[in-house]
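A quick write-up on the structure given underneath.
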Amino acid sequence: MTALLEKARKLNSLMQRGGKVSFNEVADLLRDLTSCNTYVVANDGTVLGYGLQDGFECDVMRGLVLDNMKFPHPYMEFVNSMEETHSNISHKQHMCSFDESKVCKYGEKRTTIIPIRGNRERIGTLILARYDRDFNDDDLLLGEYAAAVIGIQLLHNREAAMEERIRKEAVIKIAFTTLSFSEWEAIVGILTELKSNEGILIASKVADRLNITRSVIVNAMRKFQSAGLIETKSLGMKGTYIKIRNEYLLDEIKKHAKEVSPDIRLNSDFSPGSYDRDYWNHHRSSKY
């Protein structure tokens with residue numbers, strides 16, 4: 001019991017040291033404490049962190065999982081079907097867990113699957129794998145404690161990500177209020193030219209296509225750059241390099257266009273349809 005408490009304290013100390021803790025660190029520590037391969041996995045199979053014992057890594061695991069940082073879908077269906085902790089799961093005739101045409105090079109593999117929960121929902125899984133002996137009660141207690149601690153961190157990460165998204169979307173909406181109608185057309189025109197998150201823009205071409213002045217395009221880009229939504233770099237005669245810094249900008253452009261005019265039509269490349277300038281100005285001043 002003393003040894004188990006000491007291991008639990010080491011896990012607790014790692015999580016409470018301050019700052020963001022990586023799941024690789026958690027997996028490495030749990031690997032050392034339980035002498036097994038450890039994987040922290042999201043519900044969709046994404047590997048959030050892992051720790052491998054020396055000498056216990058195979059080409060199949062590396063090629064199918066670790067190189068992609070994701071467990072195969074069929075395997076995750078099996079994992080997610082387990083609502084409670086299942087320990088010492090073995091495969092028939094020592095076959096590989098990911099390729100049933102191959103025999104596991106390490107013999108009888110024992111796998112323990114521990115669901116990670118938060119706010120009464122499954123938010124991930126802790127997978128432990130060992131090749132030389134079964135997991136005992138102490139291993140399972142430590143694993144379930146680690147899963148609880150990881151669950152808290154996952155919830156914190158989710159909350160932080162949501163707050164960051166709300167902040168970034170708010171910045172976009174505020175930036176919209178600074179645009180004139182012509183500048184709004186310019187922004188949509190710029191996105192039409194880029195067709196992705198970065199590219200080279202020739203302002204005169206956009207100006208000619210939209211029948212607006214080049215200065216309108218420059219002003220629109222300056223406003224968005226000041227808001228931190230894009231970054232720009234002059235390439236001289238070649239044009240201007242533009243990179244979108246706010247990953248929610250394209251979605252908000254589409255959403256805002258629909259709010260401004262329900263009849264608007266945005267093509268897949270964000271090309272603008274017809275707008276009502278009076279409606280734009282009224283909507284912009286009344287909504288914000």
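In the structure tokens, the first chain shown is A, the next is B, and so on; residue numbers restart at 1 for each chain, and ligands run from 1 in the order shown.
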
Would you please give, as a short mmCIF file (atom, residue, chain, number, x, y, z; two decimals) with C-alpha atoms, in the first residue's frame, all residues of range 159-270 of chain A that DSSP assigns to helix (DSSP H, G or I) based on the backbone?
data_model
loop_
_atom_site.label_atom_id
_atom_site.label_comp_id
_atom_site.auth_asym_id
_atom_site.auth_seq_id
_atom_site.Cartn_x
_atom_site.Cartn_y
_atom_site.Cartn_z
CA GLU A 159 -12.70 24.72 -21.64
CA ALA A 160 -9.57 26.65 -22.61
CA ALA A 161 -10.08 25.78 -26.29
CA MET A 162 -13.70 26.93 -26.12
CA GLU A 163 -12.72 30.22 -24.48
CA GLU A 164 -10.05 30.76 -27.13
CA ARG A 165 -12.54 30.08 -29.91
CA ILE A 166 -15.07 32.52 -28.43
CA ARG A 167 -12.35 35.16 -28.16
CA LYS A 168 -11.20 34.68 -31.75
CA GLU A 169 -14.74 34.74 -33.11
CA ALA A 170 -15.45 37.93 -31.16
CA VAL A 171 -12.36 39.59 -32.66
CA ILE A 172 -13.63 38.73 -36.14
CA LYS A 173 -17.08 40.18 -35.47
CA ILE A 174 -15.59 43.38 -34.09
CA ALA A 175 -13.39 43.67 -37.18
CA PHE A 176 -16.48 43.37 -39.37
CA THR A 177 -17.97 46.48 -37.75
CA PHE A 181 -19.52 47.96 -47.70
CA SER A 182 -16.76 48.26 -50.31
CA GLU A 183 -14.19 46.97 -47.83
CA TRP A 184 -16.44 44.00 -47.06
CA GLU A 185 -16.54 43.24 -50.79
CA ALA A 186 -12.76 43.57 -50.85
CA ILE A 187 -12.30 41.08 -48.00
CA VAL A 188 -14.50 38.50 -49.70
CA GLY A 189 -12.65 39.17 -52.95
CA ILE A 190 -9.32 38.59 -51.23
CA LEU A 191 -10.50 35.24 -49.89
CA THR A 192 -11.69 34.34 -53.39
CA GLU A 193 -8.19 34.97 -54.71
CA LEU A 194 -6.49 33.00 -51.93
CA ALA A 203 -4.57 43.87 -55.47
CA SER A 204 -5.13 45.43 -58.88
CA LYS A 205 -6.72 42.21 -60.18
CA VAL A 206 -9.15 42.08 -57.27
CA ALA A 207 -9.92 45.78 -57.71
CA ASP A 208 -10.68 45.32 -61.40
CA ARG A 209 -12.83 42.26 -60.81
CA LEU A 210 -14.92 43.96 -58.10
CA ARG A 214 -7.04 49.52 -54.96
CA SER A 215 -7.02 51.75 -51.87
CA VAL A 216 -10.20 50.06 -50.62
CA ILE A 217 -8.43 46.71 -50.73
CA VAL A 218 -5.39 48.11 -48.94
CA ASN A 219 -7.57 49.66 -46.21
CA ALA A 220 -9.50 46.43 -45.71
CA MET A 221 -6.29 44.42 -45.37
CA ARG A 222 -4.84 46.94 -42.91
CA LYS A 223 -7.92 46.69 -40.70
CA PHE A 224 -7.80 42.90 -40.68
CA GLN A 225 -4.06 42.89 -40.07
CA SER A 226 -4.47 45.30 -37.15
CA GLY A 236 6.95 44.05 -54.76
CA MET A 237 5.78 43.55 -58.34
CA LYS A 238 4.75 39.95 -57.54
CA LEU A 249 -12.22 33.63 -40.25
CA LEU A 250 -13.53 31.77 -43.29
CA ASP A 251 -16.47 30.27 -41.39
CA GLU A 252 -17.35 33.63 -39.85
CA ILE A 253 -17.22 35.28 -43.28
CA LYS A 254 -19.80 32.80 -44.54
CA LYS A 255 -21.96 33.15 -41.43
CA HIS A 256 -21.82 36.94 -41.43
CA ALA A 257 -22.67 37.11 -45.12
CA LYS A 258 -25.88 35.19 -44.46
CA GLU A 259 -26.76 37.51 -41.56
CA VAL A 260 -26.15 40.62 -43.64
#

Subject >> Long-range neighbours of range 100-117 of chain A as an NGL selection string, 8 Å cut-off, only C-alpha atoms, 3 positions minimum in chain >> reply: :A and (56 or 58 or 79 or 82-91 or 93-97 or 120-135 or 143-144 or 147-148 or 150-151)

Please save N, CA and C atoms of the selected residues as a short mmCIF file (atom, residue, chain, number, x, y, z; two decimals), in the first residue's frame.
data_model
loop_
_atom_site.label_atom_id
_atom_site.label_comp_id
_atom_site.auth_asym_id
_atom_site.auth_seq_id
_atom_site.Cartn_x
_atom_site.Cartn_y
_atom_site.Cartn_z
N PHE A 56 9.96 -2.71 -26.39
CA PHE A 56 8.59 -3.20 -26.62
C PHE A 56 7.88 -2.29 -27.62
N CYS A 58 6.91 -2.46 -31.94
CA CYS A 58 6.99 -3.25 -33.17
C CYS A 58 6.68 -2.38 -34.38
N VAL A 79 -12.54 -0.55 -28.47
CA VAL A 79 -12.18 0.17 -27.24
C VAL A 79 -13.37 0.94 -26.69
N MET A 82 -16.34 -0.53 -24.58
CA MET A 82 -16.14 -0.91 -23.18
C MET A 82 -16.43 0.27 -22.28
N GLU A 83 -17.50 0.18 -21.53
CA GLU A 83 -17.95 1.28 -20.68
C GLU A 83 -17.24 1.30 -19.33
N GLU A 84 -16.65 0.19 -18.94
CA GLU A 84 -15.93 0.09 -17.67
C GLU A 84 -14.53 -0.45 -17.92
N THR A 85 -13.71 -0.42 -16.88
CA THR A 85 -12.35 -0.93 -17.00
C THR A 85 -12.35 -2.42 -17.29
N HIS A 86 -11.58 -2.80 -18.32
CA HIS A 86 -11.37 -4.21 -18.64
C HIS A 86 -9.87 -4.47 -18.62
N SER A 87 -9.47 -5.45 -17.84
CA SER A 87 -8.03 -5.70 -17.66
C SER A 87 -7.61 -7.03 -18.26
N ASN A 88 -6.33 -7.09 -18.61
CA ASN A 88 -5.68 -8.32 -19.08
C ASN A 88 -6.43 -8.97 -20.25
N ILE A 89 -6.79 -8.13 -21.22
CA ILE A 89 -7.42 -8.63 -22.43
C ILE A 89 -6.34 -9.25 -23.32
N SER A 90 -6.55 -10.46 -23.76
CA SER A 90 -5.57 -11.12 -24.62
C SER A 90 -6.21 -11.43 -25.97
N HIS A 91 -5.39 -11.57 -26.99
CA HIS A 91 -5.88 -11.85 -28.33
C HIS A 91 -5.79 -13.35 -28.60
N GLN A 93 -4.87 -16.77 -29.91
CA GLN A 93 -3.68 -17.40 -30.49
C GLN A 93 -2.52 -16.43 -30.67
N HIS A 94 -2.45 -15.45 -29.77
CA HIS A 94 -1.34 -14.49 -29.76
C HIS A 94 -1.26 -13.67 -31.05
N MET A 95 -2.39 -13.45 -31.71
CA MET A 95 -2.38 -12.68 -32.96
C MET A 95 -2.25 -11.19 -32.66
N CYS A 96 -1.79 -10.45 -33.67
CA CYS A 96 -1.61 -9.00 -33.54
C CYS A 96 -2.97 -8.32 -33.36
N SER A 97 -3.00 -7.30 -32.51
CA SER A 97 -4.25 -6.58 -32.25
C SER A 97 -4.72 -5.77 -33.45
N ARG A 120 -19.67 13.48 -16.73
CA ARG A 120 -20.58 12.35 -16.97
C ARG A 120 -20.59 11.88 -18.42
N GLU A 121 -19.48 12.07 -19.12
CA GLU A 121 -19.39 11.57 -20.49
C GLU A 121 -18.01 10.99 -20.75
N ARG A 122 -17.92 10.10 -21.69
CA ARG A 122 -16.65 9.50 -22.10
C ARG A 122 -15.89 10.52 -22.93
N ILE A 123 -14.70 10.89 -22.47
CA ILE A 123 -13.91 11.88 -23.20
C ILE A 123 -12.57 11.33 -23.66
N GLY A 124 -12.32 10.07 -23.40
CA GLY A 124 -11.06 9.47 -23.82
C GLY A 124 -10.88 8.10 -23.22
N THR A 125 -9.70 7.53 -23.46
CA THR A 125 -9.40 6.19 -22.95
C THR A 125 -7.92 6.11 -22.60
N LEU A 126 -7.63 5.44 -21.52
CA LEU A 126 -6.26 5.12 -21.15
C LEU A 126 -6.03 3.66 -21.49
N ILE A 127 -5.08 3.39 -22.37
CA ILE A 127 -4.78 2.02 -22.79
C ILE A 127 -3.41 1.63 -22.26
N LEU A 128 -3.36 0.52 -21.55
CA LEU A 128 -2.11 -0.01 -21.00
C LEU A 128 -1.83 -1.36 -21.65
N ALA A 129 -0.59 -1.60 -22.03
CA ALA A 129 -0.23 -2.87 -22.67
C ALA A 129 1.05 -3.43 -22.04
N ARG A 130 1.00 -4.71 -21.77
CA ARG A 130 2.14 -5.38 -21.13
C ARG A 130 2.31 -6.76 -21.78
N TYR A 131 3.54 -7.24 -21.80
CA TYR A 131 3.82 -8.48 -22.51
C TYR A 131 4.37 -9.59 -21.63
N ASP A 132 4.75 -9.29 -20.41
CA ASP A 132 5.43 -10.30 -19.61
C ASP A 132 4.62 -10.81 -18.42
N ARG A 133 3.58 -10.09 -18.01
CA ARG A 133 2.79 -10.53 -16.85
C ARG A 133 1.46 -9.78 -16.82
N ASP A 134 0.53 -10.30 -16.02
CA ASP A 134 -0.79 -9.68 -15.89
C ASP A 134 -0.72 -8.38 -15.11
N PHE A 135 -1.71 -7.53 -15.32
CA PHE A 135 -1.88 -6.35 -14.48
C PHE A 135 -2.56 -6.78 -13.18
N GLY A 143 -3.93 2.98 -12.51
CA GLY A 143 -4.42 3.35 -13.83
C GLY A 143 -5.72 4.13 -13.76
N GLU A 144 -6.63 3.71 -12.90
CA GLU A 144 -7.91 4.42 -12.79
C GLU A 144 -7.72 5.79 -12.15
N ALA A 147 -6.42 7.91 -14.90
CA ALA A 147 -7.50 8.25 -15.84
C ALA A 147 -8.34 9.40 -15.29
N ALA A 148 -8.59 9.40 -13.98
CA ALA A 148 -9.36 10.48 -13.37
C ALA A 148 -8.61 11.80 -13.46
N ILE A 150 -6.23 12.55 -15.65
CA ILE A 150 -6.18 12.94 -17.07
C ILE A 150 -7.52 13.55 -17.50
N GLY A 151 -8.62 12.99 -16.99
CA GLY A 151 -9.94 13.52 -17.32
C GLY A 151 -10.09 14.97 -16.92
#

**OP:** Return the single residue from A:Glu231, A:Asp59, A:Asp32, A:Asp99 that is closest to Lys243 in chain A, with distances computed using only C-alpha atoms.
**Re:**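 Checking each candidate against Lys243 in chain A, we get A:Glu231 as the closest.
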
Original post:
For the atom pair CA of Asn68 in chain A and CA of Asn43 in chain A, what is the interatomic distance in Å to one decimal place?
Top reply: 15.4 Å

**OP:** Tell me, in Å to one decimal, how far CA of Lys195 in chain A is from CA of Gly228 in chain A.
**Re:**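 Between these atoms lies a distance of 19.5 Å.
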
Subject >> Using only C-alpha atoms: which of A:Ile202, A:Met15, A:Leu48, A:Leu30 has the shortest distance to Leu142 in chain A >> reply: A:Leu30

Original post:
Restricting the calculation to only C-alpha atoms, which member of A:Tyr145, A:Gly118, A:Ala3, A:Pro74 is positioned closest to Asn157 in chain A?
Top reply: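 Selected residue with least distance to Asn157 in chain A: A:Gly118.
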
**OP:** Please identify which residues in range 94-206 of chain A DSSP calls strand (DSSP E) from the backbone, and express them as a ChimeraX atom specification.
**Re:** /A:110-118,121-130,198-201

Subject >> Interatomic distance, CA of Thr178 in chain A to CA of Thr213 in chain A (Å, one decimal) >> reply: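 Calculated distance between CA of Thr178 in chain A and CA of Thr213 in chain A is 17.9 Å.
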